[in-house]
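Below is one structure; the comments refer to it alone.
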Amino acid sequence: MTCRLMNVLVIAVFCLSPLRATAAELPRLDLDHPSRTAEEKARDLNRKPLETLAFFGIREDMRVIELFPGGGWYTKLLGPYLEEQGQLHIALGAGRLAGQLQEFGLGKVNPTGKIKGFVKSDSPGYIYAVEDIDLVERNVDMVLTFRNAHNLNSEARMVLNRAVFEALKPGGIYGVIDHTKRHMEKFNATTWRRIDPVLVIKEAVAAGFEFVDYTTIHARPEDNLQHDSRHESLPNESDRFTLKFRKPVQ
C-alpha cells in the first residue's frame, strides 16, 4: 500500500468518526460536591472524570444508568450533574449505596434494576455468574459501567449486555471502562481483575451494539499487564481501556 493511499484512508476514517465532546465543552461537574471525600478527590487526577464523561457525550438533560456503582465515586459526580434536567439511576449491587443517598445529598438518584442468580463462581478472585438482569428503566440515553466487566463470567456479561441493550433508546450510548488484559491471554489468578478489550468489543457487538470509538485517556504505558490491577508497581492505577458503543437507530 502506497503512503498516499494510506493517508487517504486515514483521512477518510477521521472524517467518518463521530464528533466527540471535549472536557472544555462539558459543563463543569461539581468536583467539590460536599459528598466527596478528600481521598475521592485525590483520584480525579488519574480517573479524569471530566475527560471521561465528555468522551461518552454526557449531557445534563440525559437519563443515565450507572451499573454496579460500588461506593459511589462516579455517583457523587453524576447525581448532582443530572439532578435538575436529567436523571441518574443506579442499578445492580447498589443496596449499600442506596441507603446512603440522602446522607450524600443525592436524594434524586433512583436505585433500580433486578438481578437473579448472582452467585460467585469457582474461579479465583470475585467473578460471578448471573441468571437474569432487568434494568427496569427503558429508553434511557446512556448506560455506564466503570471497572465491572471483569467481575462477570462470559455468560453473565452476555446477560448484562442484553439488559443494557433493552434499557437504551435507539441511538443510546453504552460506555465501558475496565482494566486491560493482554489479548487472548488465558485466565489466571494473578490477573483476574483484568479483561481483554477485544473480547469486550466482540461481546458487545454480538449483543447488537455498534462500536463507536475508544480513547487512550486511561492508558498507562508503565503497566506491563503482568500483575493485578492493584499491584504496588502501579501507583497511578492500571492501564484501562475506555470503549463507547451505541444501540443502532432502528
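Naming works like this for the C-alpha cells: A, B, ... for the chains as they're shown, residue 1 at the start of each chain, ligands 1 onward in shown order.
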- Task: as a PyMOL selection string, list the residues of stretch 153-214 of chain A assigned to strand (DSSP E) by DSSP on the backbone atoms of this structure.
- Result: chain A and resi 168-179+210-214
Keeping N, CA, C and O atoms for every residue in the selection just given, could you write it to a file as an mmCIF file, in the first residue's frame?
```cif
data_model
loop_
_atom_site.group_PDB
_atom_site.id
_atom_site.type_symbol
_atom_site.label_atom_id
_atom_site.label_comp_id
_atom_site.auth_asym_id
_atom_site.auth_seq_id
_atom_site.Cartn_x
_atom_site.Cartn_y
_atom_site.Cartn_z
ATOM 1 N N LEU A 168 -31.671 0.814 26.762
ATOM 2 C CA LEU A 168 -31.309 2.004 25.999
ATOM 3 C C LEU A 168 -32.331 2.342 24.920
ATOM 4 O O LEU A 168 -32.959 1.453 24.335
ATOM 5 N N LYS A 169 -32.462 3.601 24.626
ATOM 6 C CA LYS A 169 -33.256 4.025 23.481
ATOM 7 C C LYS A 169 -32.421 3.820 22.219
ATOM 8 O O LYS A 169 -31.178 3.711 22.292
ATOM 9 N N PRO A 170 -33.027 3.756 21.047
ATOM 10 C CA PRO A 170 -32.238 3.702 19.809
ATOM 11 C C PRO A 170 -31.297 4.904 19.729
ATOM 12 O O PRO A 170 -31.701 6.045 19.972
ATOM 13 N N GLY A 171 -30.049 4.647 19.457
ATOM 14 C CA GLY A 171 -29.043 5.699 19.450
ATOM 15 C C GLY A 171 -28.404 5.945 20.804
ATOM 16 O O GLY A 171 -27.484 6.756 20.917
ATOM 17 N N GLY A 172 -28.886 5.240 21.837
ATOM 18 C CA GLY A 172 -28.337 5.408 23.181
ATOM 19 C C GLY A 172 -26.916 4.878 23.288
ATOM 20 O O GLY A 172 -26.505 3.991 22.534
ATOM 21 N N ILE A 173 -26.155 5.411 24.241
ATOM 22 C CA ILE A 173 -24.727 5.115 24.384
ATOM 23 C C ILE A 173 -24.463 4.172 25.558
ATOM 24 O O ILE A 173 -25.040 4.316 26.637
ATOM 25 N N TYR A 174 -23.581 3.216 25.315
ATOM 26 C CA TYR A 174 -23.112 2.272 26.329
ATOM 27 C C TYR A 174 -21.620 2.504 26.510
ATOM 28 O O TYR A 174 -20.828 2.285 25.583
ATOM 29 N N GLY A 175 -21.207 2.981 27.694
ATOM 30 C CA GLY A 175 -19.808 3.252 27.964
ATOM 31 C C GLY A 175 -19.209 2.241 28.918
ATOM 32 O O GLY A 175 -19.796 1.953 29.957
ATOM 33 N N VAL A 176 -18.044 1.707 28.560
ATOM 34 C CA VAL A 176 -17.409 0.642 29.345
ATOM 35 C C VAL A 176 -15.943 0.986 29.604
ATOM 36 O O VAL A 176 -15.189 1.277 28.673
ATOM 37 N N ILE A 177 -15.558 0.932 30.872
ATOM 38 C CA ILE A 177 -14.152 1.089 31.259
ATOM 39 C C ILE A 177 -13.761 -0.119 32.096
ATOM 40 O O ILE A 177 -14.526 -0.571 32.940
ATOM 41 N N ASP A 178 -12.571 -0.646 31.846
ATOM 42 C CA ASP A 178 -12.082 -1.736 32.705
ATOM 43 C C ASP A 178 -10.568 -1.847 32.589
ATOM 44 O O ASP A 178 -9.929 -1.194 31.755
ATOM 45 N N HIS A 179 -10.003 -2.700 33.452
ATOM 46 C CA HIS A 179 -8.568 -2.925 33.497
ATOM 47 C C HIS A 179 -8.136 -3.805 32.325
ATOM 48 O O HIS A 179 -8.719 -4.871 32.092
ATOM 49 N N GLU A 210 -23.301 -1.223 18.151
ATOM 50 C CA GLU A 210 -22.304 -0.717 17.219
ATOM 51 C C GLU A 210 -21.119 -0.203 18.031
ATOM 52 O O GLU A 210 -21.317 0.481 19.038
ATOM 53 N N PHE A 211 -19.915 -0.541 17.601
ATOM 54 C CA PHE A 211 -18.728 0.011 18.250
ATOM 55 C C PHE A 211 -18.479 1.393 17.672
ATOM 56 O O PHE A 211 -18.284 1.560 16.474
ATOM 57 N N VAL A 212 -18.475 2.410 18.540
ATOM 58 C CA VAL A 212 -18.367 3.797 18.087
ATOM 59 C C VAL A 212 -16.927 4.293 18.125
ATOM 60 O O VAL A 212 -16.403 4.821 17.146
ATOM 61 N N ASP A 213 -16.270 4.123 19.277
ATOM 62 C CA ASP A 213 -14.958 4.750 19.423
ATOM 63 C C ASP A 213 -14.276 4.254 20.695
ATOM 64 O O ASP A 213 -14.896 3.578 21.522
ATOM 65 N N TYR A 214 -13.000 4.603 20.823
ATOM 66 C CA TYR A 214 -12.257 4.354 22.055
ATOM 67 C C TYR A 214 -11.371 5.563 22.314
ATOM 68 O O TYR A 214 -11.166 6.414 21.454
#
```
Using DSSP assignments from the backbone, pull out every residue in stretch 29-191 of chain A that falls under alpha helix (DSSP H) and give it to me as a PDB file with N, CA, C and O atoms, in the first residue's frame.
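After the write, states-v9.pdb holds the following:
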```pdb
ATOM      1  N   ALA A  38     -11.861  13.647  50.643  1.00  0.00           N
ATOM      2  CA  ALA A  38     -10.551  14.065  50.152  1.00  0.00           C
ATOM      3  C   ALA A  38      -9.885  12.947  49.362  1.00  0.00           C
ATOM      4  O   ALA A  38      -9.212  13.198  48.352  1.00  0.00           O
ATOM      5  N   GLU A  39     -10.077  11.706  49.810  1.00  0.00           N
ATOM      6  CA  GLU A  39      -9.494  10.566  49.104  1.00  0.00           C
ATOM      7  C   GLU A  39     -10.107  10.410  47.719  1.00  0.00           C
ATOM      8  O   GLU A  39      -9.404  10.081  46.747  1.00  0.00           O
ATOM      9  N   GLU A  40     -11.411  10.630  47.622  1.00  0.00           N
ATOM     10  CA  GLU A  40     -12.074  10.521  46.320  1.00  0.00           C
ATOM     11  C   GLU A  40     -11.599  11.617  45.371  1.00  0.00           C
ATOM     12  O   GLU A  40     -11.350  11.374  44.189  1.00  0.00           O
ATOM     13  N   LYS A  41     -11.446  12.829  45.883  1.00  0.00           N
ATOM     14  CA  LYS A  41     -10.985  13.938  45.055  1.00  0.00           C
ATOM     15  C   LYS A  41      -9.556  13.701  44.563  1.00  0.00           C
ATOM     16  O   LYS A  41      -9.196  14.104  43.452  1.00  0.00           O
ATOM     17  N   ALA A  42      -8.755  13.047  45.387  1.00  0.00           N
ATOM     18  CA  ALA A  42      -7.361  12.802  45.018  1.00  0.00           C
ATOM     19  C   ALA A  42      -7.250  11.901  43.795  1.00  0.00           C
ATOM     20  O   ALA A  42      -6.242  11.939  43.075  1.00  0.00           O
ATOM     21  N   ASP A  44      -9.117  12.094  41.154  1.00  0.00           N
ATOM     22  CA  ASP A  44      -9.531  12.786  39.934  1.00  0.00           C
ATOM     23  C   ASP A  44      -8.400  12.864  38.923  1.00  0.00           C
ATOM     24  O   ASP A  44      -8.615  12.776  37.713  1.00  0.00           O
ATOM     25  N   LEU A  45      -7.170  13.042  39.415  1.00  0.00           N
ATOM     26  CA  LEU A  45      -6.018  13.200  38.531  1.00  0.00           C
ATOM     27  C   LEU A  45      -5.852  12.000  37.615  1.00  0.00           C
ATOM     28  O   LEU A  45      -5.539  12.149  36.430  1.00  0.00           O
ATOM     29  N   ASN A  46      -6.044  10.800  38.159  1.00  0.00           N
ATOM     30  CA  ASN A  46      -5.863   9.586  37.370  1.00  0.00           C
ATOM     31  C   ASN A  46      -7.135   9.116  36.678  1.00  0.00           C
ATOM     32  O   ASN A  46      -7.093   8.597  35.563  1.00  0.00           O
ATOM     33  N   ARG A  47      -8.262   9.296  37.328  1.00  0.00           N
ATOM     34  CA  ARG A  47      -9.513   8.814  36.735  1.00  0.00           C
ATOM     35  C   ARG A  47     -10.104   9.767  35.699  1.00  0.00           C
ATOM     36  O   ARG A  47     -10.933   9.369  34.901  1.00  0.00           O
ATOM     37  N   PRO A  49     -12.404  12.316  35.399  1.00  0.00           N
ATOM     38  CA  PRO A  49     -13.847  12.235  35.170  1.00  0.00           C
ATOM     39  C   PRO A  49     -14.369  13.205  34.119  1.00  0.00           C
ATOM     40  O   PRO A  49     -15.283  12.874  33.359  1.00  0.00           O
ATOM     41  N   LEU A  50     -13.812  14.414  34.042  1.00  0.00           N
ATOM     42  CA  LEU A  50     -14.263  15.374  33.041  1.00  0.00           C
ATOM     43  C   LEU A  50     -14.026  14.844  31.636  1.00  0.00           C
ATOM     44  O   LEU A  50     -14.931  14.819  30.791  1.00  0.00           O
ATOM     45  N   GLU A  51     -12.792  14.408  31.368  1.00  0.00           N
ATOM     46  CA  GLU A  51     -12.447  13.897  30.045  1.00  0.00           C
ATOM     47  C   GLU A  51     -13.228  12.630  29.726  1.00  0.00           C
ATOM     48  O   GLU A  51     -13.671  12.424  28.590  1.00  0.00           O
ATOM     49  N   THR A  52     -13.408  11.779  30.737  1.00  0.00           N
ATOM     50  CA  THR A  52     -14.099  10.509  30.530  1.00  0.00           C
ATOM     51  C   THR A  52     -15.557  10.734  30.139  1.00  0.00           C
ATOM     52  O   THR A  52     -16.043  10.176  29.146  1.00  0.00           O
ATOM     53  N   LEU A  53     -16.261  11.539  30.902  1.00  0.00           N
ATOM     54  CA  LEU A  53     -17.681  11.761  30.636  1.00  0.00           C
ATOM     55  C   LEU A  53     -17.883  12.592  29.373  1.00  0.00           C
ATOM     56  O   LEU A  53     -18.892  12.418  28.664  1.00  0.00           O
ATOM     57  N   ALA A  54     -16.943  13.477  29.059  1.00  0.00           N
ATOM     58  CA  ALA A  54     -17.020  14.209  27.795  1.00  0.00           C
ATOM     59  C   ALA A  54     -16.880  13.254  26.616  1.00  0.00           C
ATOM     60  O   ALA A  54     -17.585  13.380  25.610  1.00  0.00           O
ATOM     61  N   PHE A  55     -15.980  12.284  26.735  1.00  0.00           N
ATOM     62  CA  PHE A  55     -15.810  11.299  25.664  1.00  0.00           C
ATOM     63  C   PHE A  55     -17.098  10.512  25.421  1.00  0.00           C
ATOM     64  O   PHE A  55     -17.488  10.271  24.275  1.00  0.00           O
ATOM     65  N   PHE A  56     -17.777  10.140  26.494  1.00  0.00           N
ATOM     66  CA  PHE A  56     -19.025   9.390  26.334  1.00  0.00           C
ATOM     67  C   PHE A  56     -20.163  10.277  25.820  1.00  0.00           C
ATOM     68  O   PHE A  56     -21.181   9.769  25.359  1.00  0.00           O
ATOM     69  N   THR A  75     -21.092   8.148  41.146  1.00  0.00           N
ATOM     70  CA  THR A  75     -22.449   8.564  41.507  1.00  0.00           C
ATOM     71  C   THR A  75     -22.452   9.965  42.089  1.00  0.00           C
ATOM     72  O   THR A  75     -23.359  10.772  41.808  1.00  0.00           O
ATOM     73  N   LYS A  76     -21.445  10.269  42.883  1.00  0.00           N
ATOM     74  CA  LYS A  76     -21.368  11.588  43.521  1.00  0.00           C
ATOM     75  C   LYS A  76     -21.070  12.708  42.521  1.00  0.00           C
ATOM     76  O   LYS A  76     -21.248  13.886  42.824  1.00  0.00           O
ATOM     77  N   LEU A  77     -20.613  12.337  41.334  1.00  0.00           N
ATOM     78  CA  LEU A  77     -20.407  13.309  40.267  1.00  0.00           C
ATOM     79  C   LEU A  77     -21.620  13.377  39.343  1.00  0.00           C
ATOM     80  O   LEU A  77     -22.089  14.456  38.975  1.00  0.00           O
ATOM     81  N   LEU A  78     -22.129  12.209  38.975  1.00  0.00           N
ATOM     82  CA  LEU A  78     -23.241  12.143  38.028  1.00  0.00           C
ATOM     83  C   LEU A  78     -24.556  12.620  38.637  1.00  0.00           C
ATOM     84  O   LEU A  78     -25.351  13.279  37.963  1.00  0.00           O
ATOM     85  N   GLY A  79     -24.799  12.277  39.902  1.00  0.00           N
ATOM     86  CA  GLY A  79     -26.062  12.637  40.542  1.00  0.00           C
ATOM     87  C   GLY A  79     -26.330  14.133  40.528  1.00  0.00           C
ATOM     88  O   GLY A  79     -27.359  14.586  40.020  1.00  0.00           O
ATOM     89  N   PRO A  80     -25.409  14.946  41.070  1.00  0.00           N
ATOM     90  CA  PRO A  80     -25.623  16.394  41.063  1.00  0.00           C
ATOM     91  C   PRO A  80     -25.670  16.983  39.652  1.00  0.00           C
ATOM     92  O   PRO A  80     -26.411  17.927  39.382  1.00  0.00           O
ATOM     93  N   TYR A  81     -24.882  16.412  38.744  1.00  0.00           N
ATOM     94  CA  TYR A  81     -24.831  16.923  37.371  1.00  0.00           C
ATOM     95  C   TYR A  81     -26.165  16.746  36.646  1.00  0.00           C
ATOM     96  O   TYR A  81     -26.594  17.602  35.862  1.00  0.00           O
ATOM     97  N   LEU A  82     -26.856  15.634  36.925  1.00  0.00           N
ATOM     98  CA  LEU A  82     -28.079  15.296  36.207  1.00  0.00           C
ATOM     99  C   LEU A  82     -29.357  15.669  36.946  1.00  0.00           C
ATOM    100  O   LEU A  82     -30.449  15.566  36.386  1.00  0.00           O
ATOM    101  N   GLY A  95     -27.327  -1.710  46.739  1.00  0.00           N
ATOM    102  CA  GLY A  95     -28.059  -1.674  48.004  1.00  0.00           C
ATOM    103  C   GLY A  95     -27.411  -0.822  49.071  1.00  0.00           C
ATOM    104  O   GLY A  95     -28.063   0.023  49.696  1.00  0.00           O
ATOM    105  N   ARG A  96     -26.111  -1.007  49.288  1.00  0.00           N
ATOM    106  CA  ARG A  96     -25.415  -0.243  50.338  1.00  0.00           C
ATOM    107  C   ARG A  96     -25.419   1.237  50.011  1.00  0.00           C
ATOM    108  O   ARG A  96     -25.705   2.084  50.865  1.00  0.00           O
ATOM    109  N   LEU A  97     -25.133   1.575  48.772  1.00  0.00           N
ATOM    110  CA  LEU A  97     -25.097   2.974  48.369  1.00  0.00           C
ATOM    111  C   LEU A  97     -26.487   3.601  48.434  1.00  0.00           C
ATOM    112  O   LEU A  97     -26.622   4.766  48.831  1.00  0.00           O
ATOM    113  N   ALA A  98     -27.511   2.834  48.065  1.00  0.00           N
ATOM    114  CA  ALA A  98     -28.879   3.361  48.076  1.00  0.00           C
ATOM    115  C   ALA A  98     -29.258   3.864  49.465  1.00  0.00           C
ATOM    116  O   ALA A  98     -29.971   4.868  49.597  1.00  0.00           O
ATOM    117  N   SER A 154     -18.278 -14.979  31.216  1.00  0.00           N
ATOM    118  CA  SER A 154     -18.716 -14.647  29.858  1.00  0.00           C
ATOM    119  C   SER A 154     -20.222 -14.712  29.696  1.00  0.00           C
ATOM    120  O   SER A 154     -20.837 -13.852  29.044  1.00  0.00           O
ATOM    121  N   GLU A 155     -20.861 -15.716  30.307  1.00  0.00           N
ATOM    122  CA  GLU A 155     -22.316 -15.841  30.198  1.00  0.00           C
ATOM    123  C   GLU A 155     -23.015 -14.674  30.893  1.00  0.00           C
ATOM    124  O   GLU A 155     -24.010 -14.140  30.395  1.00  0.00           O
ATOM    125  N   ALA A 156     -22.479 -14.268  32.040  1.00  0.00           N
ATOM    126  CA  ALA A 156     -23.072 -13.146  32.773  1.00  0.00           C
ATOM    127  C   ALA A 156     -22.923 -11.843  32.000  1.00  0.00           C
ATOM    128  O   ALA A 156     -23.826 -11.002  32.004  1.00  0.00           O
ATOM    129  N   ARG A 157     -21.787 -11.667  31.343  1.00  0.00           N
ATOM    130  CA  ARG A 157     -21.608 -10.459  30.532  1.00  0.00           C
ATOM    131  C   ARG A 157     -22.604 -10.430  29.377  1.00  0.00           C
ATOM    132  O   ARG A 157     -23.115  -9.365  29.007  1.00  0.00           O
ATOM    133  N   MET A 158     -22.907 -11.591  28.830  1.00  0.00           N
ATOM    134  CA  MET A 158     -23.899 -11.659  27.765  1.00  0.00           C
ATOM    135  C   MET A 158     -25.275 -11.232  28.280  1.00  0.00           C
ATOM    136  O   MET A 158     -25.990 -10.454  27.638  1.00  0.00           O
ATOM    137  N   VAL A 159     -25.634 -11.726  29.465  1.00  0.00           N
ATOM    138  CA  VAL A 159     -26.908 -11.356  30.082  1.00  0.00           C
ATOM    139  C   VAL A 159     -26.950  -9.846  30.323  1.00  0.00           C
ATOM    140  O   VAL A 159     -27.960  -9.175  30.053  1.00  0.00           O
ATOM    141  N   LEU A 160     -25.853  -9.291  30.837  1.00  0.00           N
ATOM    142  CA  LEU A 160     -25.798  -7.862  31.124  1.00  0.00           C
ATOM    143  C   LEU A 160     -25.906  -7.037  29.847  1.00  0.00           C
ATOM    144  O   LEU A 160     -26.661  -6.057  29.788  1.00  0.00           O
ATOM    145  N   ASN A 161     -25.164  -7.410  28.822  1.00  0.00           N
ATOM    146  CA  ASN A 161     -25.197  -6.657  27.566  1.00  0.00           C
ATOM    147  C   ASN A 161     -26.599  -6.627  26.967  1.00  0.00           C
ATOM    148  O   ASN A 161     -27.046  -5.597  26.446  1.00  0.00           O
ATOM    149  N   ARG A 162     -27.296  -7.743  27.063  1.00  0.00           N
ATOM    150  CA  ARG A 162     -28.662  -7.786  26.537  1.00  0.00           C
ATOM    151  C   ARG A 162     -29.591  -6.897  27.347  1.00  0.00           C
ATOM    152  O   ARG A 162     -30.471  -6.237  26.787  1.00  0.00           O
ATOM    153  N   ALA A 163     -29.393  -6.855  28.668  1.00  0.00           N
ATOM    154  CA  ALA A 163     -30.220  -5.998  29.519  1.00  0.00           C
ATOM    155  C   ALA A 163     -29.953  -4.522  29.225  1.00  0.00           C
ATOM    156  O   ALA A 163     -30.882  -3.706  29.209  1.00  0.00           O
ATOM    157  N   VAL A 164     -28.690  -4.179  28.997  1.00  0.00           N
ATOM    158  CA  VAL A 164     -28.339  -2.805  28.656  1.00  0.00           C
ATOM    159  C   VAL A 164     -28.961  -2.417  27.321  1.00  0.00           C
ATOM    160  O   VAL A 164     -29.519  -1.319  27.171  1.00  0.00           O
ATOM    161  N   PHE A 165     -28.886  -3.319  26.357  1.00  0.00           N
ATOM    162  CA  PHE A 165     -29.456  -3.069  25.034  1.00  0.00           C
ATOM    163  C   PHE A 165     -30.950  -2.790  25.147  1.00  0.00           C
ATOM    164  O   PHE A 165     -31.480  -1.875  24.505  1.00  0.00           O
ATOM    165  N   GLU A 166     -31.628  -3.560  25.975  1.00  0.00           N
ATOM    166  CA  GLU A 166     -33.071  -3.388  26.147  1.00  0.00           C
ATOM    167  C   GLU A 166     -33.405  -2.074  26.849  1.00  0.00           C
ATOM    168  O   GLU A 166     -34.430  -1.447  26.573  1.00  0.00           O
ATOM    169  N   ALA A 167     -32.540  -1.633  27.759  1.00  0.00           N
ATOM    170  CA  ALA A 167     -32.810  -0.417  28.528  1.00  0.00           C
ATOM    171  C   ALA A 167     -32.583   0.853  27.713  1.00  0.00           C
ATOM    172  O   ALA A 167     -33.233   1.876  27.954  1.00  0.00           O
TER     173      ALA A 167
END
```
- At what distance in Å, to one decimal, does atom CA of A:Trp73 lie from atom CA of A:Arg182? 26.9 Å
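You can rank A:Asp32, A:Glu66, A:Asp61, A:Glu222 by their closest distance to A:Phe146 using only C-alpha atoms, and at the top of that list sits A:Glu66.
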- Query: Skipping near chain neighbours, those fewer than 4 positions away, what residues fall within 8 Å of A:Val136 using only C-alpha atoms, listed as an MDAnalysis selection string?
  - Reply: chainID A and resid 112:114 167
Would you pick out the contacts of A:Arg230 at 12 Å or less, using only C-alpha atoms, so that residues sharing its chain but fewer than 5 positions from it are not included, and give the list as an mmCIF file with all heavy atoms, in the first residue's frame?
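Contents of selection-v1.cif, freshly written:
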```
data_model
loop_
_atom_site.group_PDB
_atom_site.id
_atom_site.type_symbol
_atom_site.label_atom_id
_atom_site.label_comp_id
_atom_site.auth_asym_id
_atom_site.auth_seq_id
_atom_site.Cartn_x
_atom_site.Cartn_y
_atom_site.Cartn_z
ATOM 1 N N HIS A 179 -10.003 -2.700 33.452
ATOM 2 C CA HIS A 179 -8.568 -2.925 33.497
ATOM 3 C C HIS A 179 -8.136 -3.805 32.325
ATOM 4 O O HIS A 179 -8.719 -4.871 32.092
ATOM 5 C CB HIS A 179 -8.178 -3.618 34.806
ATOM 6 C CG HIS A 179 -8.696 -2.925 36.030
ATOM 7 N ND1 HIS A 179 -8.169 -1.738 36.496
ATOM 8 C CD2 HIS A 179 -9.705 -3.251 36.887
ATOM 9 C CE1 HIS A 179 -8.816 -1.369 37.588
ATOM 10 N NE2 HIS A 179 -9.752 -2.267 37.853
ATOM 11 N N THR A 190 -3.535 -14.342 38.922
ATOM 12 C CA THR A 190 -2.808 -13.092 39.108
ATOM 13 C C THR A 190 -3.519 -11.916 38.448
ATOM 14 O O THR A 190 -3.539 -10.809 38.985
ATOM 15 C CB THR A 190 -1.384 -13.208 38.533
ATOM 16 O OG1 THR A 190 -0.713 -14.287 39.187
ATOM 17 C CG2 THR A 190 -0.601 -11.920 38.745
ATOM 18 N N THR A 191 -4.103 -12.142 37.296
ATOM 19 C CA THR A 191 -4.700 -11.039 36.525
ATOM 20 C C THR A 191 -6.227 -11.166 36.419
ATOM 21 O O THR A 191 -6.817 -10.722 35.444
ATOM 22 C CB THR A 191 -4.089 -10.971 35.116
ATOM 23 O OG1 THR A 191 -4.309 -12.223 34.436
ATOM 24 C CG2 THR A 191 -2.601 -10.671 35.178
ATOM 25 N N TRP A 192 -6.867 -11.739 37.429
ATOM 26 C CA TRP A 192 -8.309 -11.952 37.324
ATOM 27 C C TRP A 192 -9.086 -10.632 37.284
ATOM 28 O O TRP A 192 -10.215 -10.580 36.782
ATOM 29 C CB TRP A 192 -8.816 -12.819 38.490
ATOM 30 C CG TRP A 192 -8.852 -12.130 39.830
ATOM 31 C CD1 TRP A 192 -7.878 -12.149 40.787
ATOM 32 C CD2 TRP A 192 -9.902 -11.310 40.353
ATOM 33 N NE1 TRP A 192 -8.263 -11.403 41.873
ATOM 34 C CE2 TRP A 192 -9.512 -10.877 41.641
ATOM 35 C CE3 TRP A 192 -11.157 -10.919 39.874
ATOM 36 C CZ2 TRP A 192 -10.306 -10.066 42.445
ATOM 37 C CZ3 TRP A 192 -11.951 -10.100 40.666
ATOM 38 C CH2 TRP A 192 -11.524 -9.688 41.939
ATOM 39 N N ARG A 193 -8.496 -9.542 37.774
ATOM 40 C CA ARG A 193 -9.180 -8.251 37.726
ATOM 41 C C ARG A 193 -9.051 -7.565 36.370
ATOM 42 O O ARG A 193 -9.453 -6.416 36.210
ATOM 43 C CB ARG A 193 -8.633 -7.305 38.806
ATOM 44 C CG ARG A 193 -9.142 -7.576 40.204
ATOM 45 C CD ARG A 193 -8.794 -6.424 41.142
ATOM 46 N NE ARG A 193 -9.286 -6.668 42.489
ATOM 47 C CZ ARG A 193 -8.586 -7.259 43.442
ATOM 48 N NH1 ARG A 193 -7.352 -7.675 43.186
ATOM 49 N NH2 ARG A 193 -9.094 -7.450 44.633
ATOM 50 N N ARG A 194 -8.526 -8.226 35.398
ATOM 51 C CA ARG A 194 -8.358 -7.650 34.067
ATOM 52 C C ARG A 194 -9.218 -8.410 33.051
ATOM 53 O O ARG A 194 -9.596 -9.558 33.275
ATOM 54 C CB ARG A 194 -6.885 -7.719 33.632
ATOM 55 C CG ARG A 194 -5.928 -6.914 34.506
ATOM 56 C CD ARG A 194 -4.498 -7.088 34.020
ATOM 57 N NE ARG A 194 -3.539 -6.375 34.833
ATOM 58 C CZ ARG A 194 -3.116 -5.141 34.583
ATOM 59 N NH1 ARG A 194 -3.601 -4.474 33.531
ATOM 60 N NH2 ARG A 194 -2.220 -4.561 35.354
ATOM 61 N N ASP A 223 2.386 0.165 32.781
ATOM 62 C CA ASP A 223 1.724 -1.069 33.207
ATOM 63 C C ASP A 223 2.024 -2.165 32.177
ATOM 64 O O ASP A 223 1.576 -2.107 31.032
ATOM 65 C CB ASP A 223 0.212 -0.828 33.299
ATOM 66 C CG ASP A 223 -0.550 -2.060 33.790
ATOM 67 O OD1 ASP A 223 0.070 -3.121 33.991
ATOM 68 O OD2 ASP A 223 -1.779 -1.946 33.962
ATOM 69 N N LEU A 225 0.953 -5.150 32.267
ATOM 70 C CA LEU A 225 -0.205 -6.063 32.221
ATOM 71 C C LEU A 225 0.094 -7.443 32.806
ATOM 72 O O LEU A 225 -0.649 -8.391 32.569
ATOM 73 C CB LEU A 225 -0.734 -6.225 30.786
ATOM 74 C CG LEU A 225 -0.951 -4.953 29.969
ATOM 75 C CD1 LEU A 225 -1.590 -5.300 28.621
ATOM 76 C CD2 LEU A 225 -1.787 -3.941 30.720
ATOM 77 N N PRO A 235 1.376 2.718 40.945
ATOM 78 C CA PRO A 235 0.921 3.792 41.838
ATOM 79 C C PRO A 235 -0.109 4.712 41.197
ATOM 80 O O PRO A 235 -0.885 5.363 41.897
ATOM 81 C CB PRO A 235 2.215 4.552 42.156
ATOM 82 C CG PRO A 235 3.106 4.278 40.980
ATOM 83 C CD PRO A 235 2.795 2.865 40.569
ATOM 84 N N ASN A 236 -0.124 4.791 39.878
ATOM 85 C CA ASN A 236 -1.061 5.670 39.177
ATOM 86 C C ASN A 236 -2.224 4.901 38.563
ATOM 87 O O ASN A 236 -2.808 5.331 37.578
ATOM 88 C CB ASN A 236 -0.323 6.452 38.082
ATOM 89 C CG ASN A 236 0.697 7.395 38.662
ATOM 90 O OD1 ASN A 236 0.467 8.011 39.694
ATOM 91 N ND2 ASN A 236 1.845 7.492 38.022
ATOM 92 N N GLU A 237 -2.544 3.772 39.122
ATOM 93 C CA GLU A 237 -3.624 2.899 38.665
ATOM 94 C C GLU A 237 -3.210 2.146 37.402
ATOM 95 O O GLU A 237 -2.242 2.464 36.744
ATOM 96 C CB GLU A 237 -4.931 3.677 38.458
ATOM 97 C CG GLU A 237 -5.427 4.340 39.734
ATOM 98 C CD GLU A 237 -6.887 4.712 39.680
ATOM 99 O OE1 GLU A 237 -7.559 4.365 38.702
ATOM 100 O OE2 GLU A 237 -7.364 5.332 40.646
ATOM 101 N N SER A 238 -4.023 1.140 37.074
ATOM 102 C CA SER A 238 -3.704 0.246 35.970
ATOM 103 C C SER A 238 -3.965 0.890 34.613
ATOM 104 O O SER A 238 -4.604 1.935 34.510
ATOM 105 C CB SER A 238 -4.575 -1.010 36.081
ATOM 106 O OG SER A 238 -5.939 -0.648 35.864
ATOM 107 N N ASP A 239 -3.474 0.220 33.569
ATOM 108 C CA ASP A 239 -3.869 0.577 32.218
ATOM 109 C C ASP A 239 -5.326 0.162 32.038
ATOM 110 O O ASP A 239 -5.693 -0.974 32.299
ATOM 111 C CB ASP A 239 -2.992 -0.157 31.197
ATOM 112 C CG ASP A 239 -3.303 0.234 29.765
ATOM 113 O OD1 ASP A 239 -4.245 -0.325 29.183
ATOM 114 O OD2 ASP A 239 -2.607 1.112 29.240
#
```
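Our summary of the geometry notes that atom CA of A:Arg138 is positioned 24.6 Å from atom CA of A:Asn151.
One distance worth recording is that between atom CA of A:Phe241 and atom CA of A:Gly117, which is 28.3 Å.
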